[in-house]
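Asker: One structure follows; several queries about it will come next.
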Amino acid sequence: MATLTDRVIDQVARLPDHRRFGRVTGVLGLMVEVTGLERCLSVGGRCLVHALGGRLVPCEVVGFRAGRALVMPLGSLDGVGLAAEVLVADARPAVFPSRGWLGRVVNALGEPVDGGGAVPDGPHGVAIRAQPPPAHTRARVGGKIDLGVRAINSFVTCCRGQRMGIFAGSGVGKSVLLSMMARFTEAPVIVVGLIGERGREVQEFITEDLGAEGLARSVLVVATSDEPPLMRRQAAYLTLAIAEYFRDQGENVLCLMDSVTRFAMAQREIGLSAGEPPTTKGYPPTVFAELPRLLERAGPGRPDQGTITGLFTVLVEGDDHNEPIADAVRGILDGHIVLDRRIAERGRYPAVNILRSVSRTLPACNSEAENAVVGRARGLLSTYDDMAEMIRLGAYRAGSDARVDEAIRYQDALEAVLRQGKSEQADLKSSYQLLADALGMPAP
């Protein structure tokens with residue numbers, strides 16, 4: 001048994017033999033200039049800035065300029081002034097997740113914010129900004145994953161390890177769609193990242209949308225819109241880091257992130273503050289460099305590991321689906337689900353626009369019978385969509401075109417299949433069954 005003297009000696013041995021500190025030489029907006037630590041810090045490194053009242057403000061190095069380190073805070077800069085002391089932080093470059101994190105809500109630093117006490121640390125650290133597995137070592141995308149939403153299961157089928165984008169304007173039902181997937185999916189582990197979310201809606205998402213059943217197998221990472229941009233950006237990195245931990249344990253993880261656009265906005269704030277030149281819509285070049293680094297971390301792991309099936313929402317500004325972030329994300333992911341405001345205004349939820357949504361694993365992941373049912377339904381929806389304006393105006397005369405007449409006849413049945421309540425679950429088999437019944441075809 002260790003004596004008191006042994007414990008004191010052990011604690012003294014852990015003390016650093018020296019400390020390194022610099023001084024604040026300037027503060028402009030969210031950017032703090034630090035001198036005296038240029039050789040001790042690197043981009044991504046951490047330091048602690050002394051504020052009034054003895055408060056320590058954790059900061060991250062985002063660049064260097066004119067012989068000074070440029071750092072941004074992970075908290076409030078209130079009380080930070082010129083010549084304030086800056087210490088090099090011995091922050092861990094990793095988090096230590098474990099299965100005890102399931103059912104918990106943490107912030108971007110991995111600290112619990114649900115009032116449930118400390119989260120148990122795992123034995124091994126996981127890098128927050130890890131690199132994806134090398135492309136030649138990754139397994140192929142697996143079989144279908146049941147997401148519990150009929151429109152997606154049948155028309156935009158997703159496979160294990162696939163990465164999909166959910167593109168929509170504000171108020172079209174992205175959060176409700178994510179909550180349906182979290183409750184009804186067959187995935188054993190779910191990691192949800194709420195990036196830049198409204199603080200009022202976080203508790204609503206947890207208690208009403210996700211529910212106790214969904215929360216029990218989920219880890220939530222939350223960074224609200226009022227937090228500094230570094231916290232919002234790190235929340236996205238931490239979401240993928242936790243998903244990678246469970247993937248390495250052999251689990252098939254469903255990773256839901258809302259939203260990639262707010263991650264890009266946080267990176268835009270960081271880049272512009274550091275002096276980067278703005279490009280399209282004011283986004284600096286680092287935004288388009290960081291997006292693939294984040295999104296490529298999802299997907300299948302090595303053959304001896306599990307998978308990360310990623311669904312990332314993209315908030316399109318002004319319902320413009322060709323704006324820079326939407327365009328960049330669409331080119332990185334393996335498919336996209338488009339939520340249409342016009343469909344939502346008609347009262348059909350989830351407001352998935354089937355004709356504009358694409359899954360790049362189709363048709364290979366389906367059987368011939370399933371492809372026949374889906375193909376016929378898509379054809380009917382496309383024909384009706386081409387003539388929808390004339391039909392609504394009464395300009396189309398029945399009998400003019402047999403294909404249009406057929407599309408009109410099946411339209412209500414197809415709309416009924418696509419409509420689904422937020423508390424209604426639909427598995428893969430029943431999704432194809434209902435679609436085949438609506439078309440009068442044999443079940444696949």
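Note on naming: chains are A, B, ... as they come in the structure tokens, residues start from 1 per chain, ligands start from 1 in the order shown.
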Leaving out range 439-443 of chain A and any residue of its chain fewer than 4 positions from it, which residues lie within 9 Å of it when counting only C-alpha atoms, given as a list in words?
Answerer: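 Residues near the query, excluding close chain neighbours: Ala369, Glu370, Val373, Arg376, Ala377, Tyr410, Ala413, Leu414, Tyr432, Gln433, Leu434 and Leu435 of chain A.
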Asker: With only C-alpha atoms as the counted atoms, please give the residues lying no more than 7 Å from range 122-125 of chain A, apart from itself and same-chain residues fewer than 5 positions off, as an MDAnalysis selection string.
Answerer: chainID A and resid 94:98
Asker: Here is a test: counting only C-alpha atoms, which residue of A:Val329, A:Val314, A:Leu82, A:Val113 is nearest to Phe288 in chain A?
Answerer: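 Result for the nearest residue to Phe288 in chain A: A:Val329.
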Asker: I need the residue nearest Pro133 in chain A from this list: A:Gln305, A:Thr313, A:Ser430, A:Thr361. Use only C-alpha atoms for the distance.
Answerer: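 Among A:Gln305, A:Thr313, A:Ser430, A:Thr361, it is A:Gln305 that comes nearest to Pro133 in chain A.
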Asker: Fewer than 2 positions away in the same chain doesn't count, so skip those; otherwise give me all residues within 9 Å of range 227-242 of chain A, counting only C-alpha atoms, as a ChimeraX atom specification.
Answerer: /A:30,59-60,72-76,94-98,107-110,126-130,191-196,219-225,244-247,255-257,259-260,262-270,294-295,297-298,308
Asker: How would you write, as a PyMOL selection string, the set of residues in range 236-410 of chain A that DSSP gives as strand (DSSP E or B)?
Answerer: chain A and resi 252-258+299-300+307-315+335-339+352+358-359
Asker: Skipping near chain neighbours, those fewer than 6 positions away, what residues fall within 10 Å of Asn153 in chain A using only C-alpha atoms, listed as a VMD selection string?
Answerer: chain A and resid 144 to 147 159 426 to 432
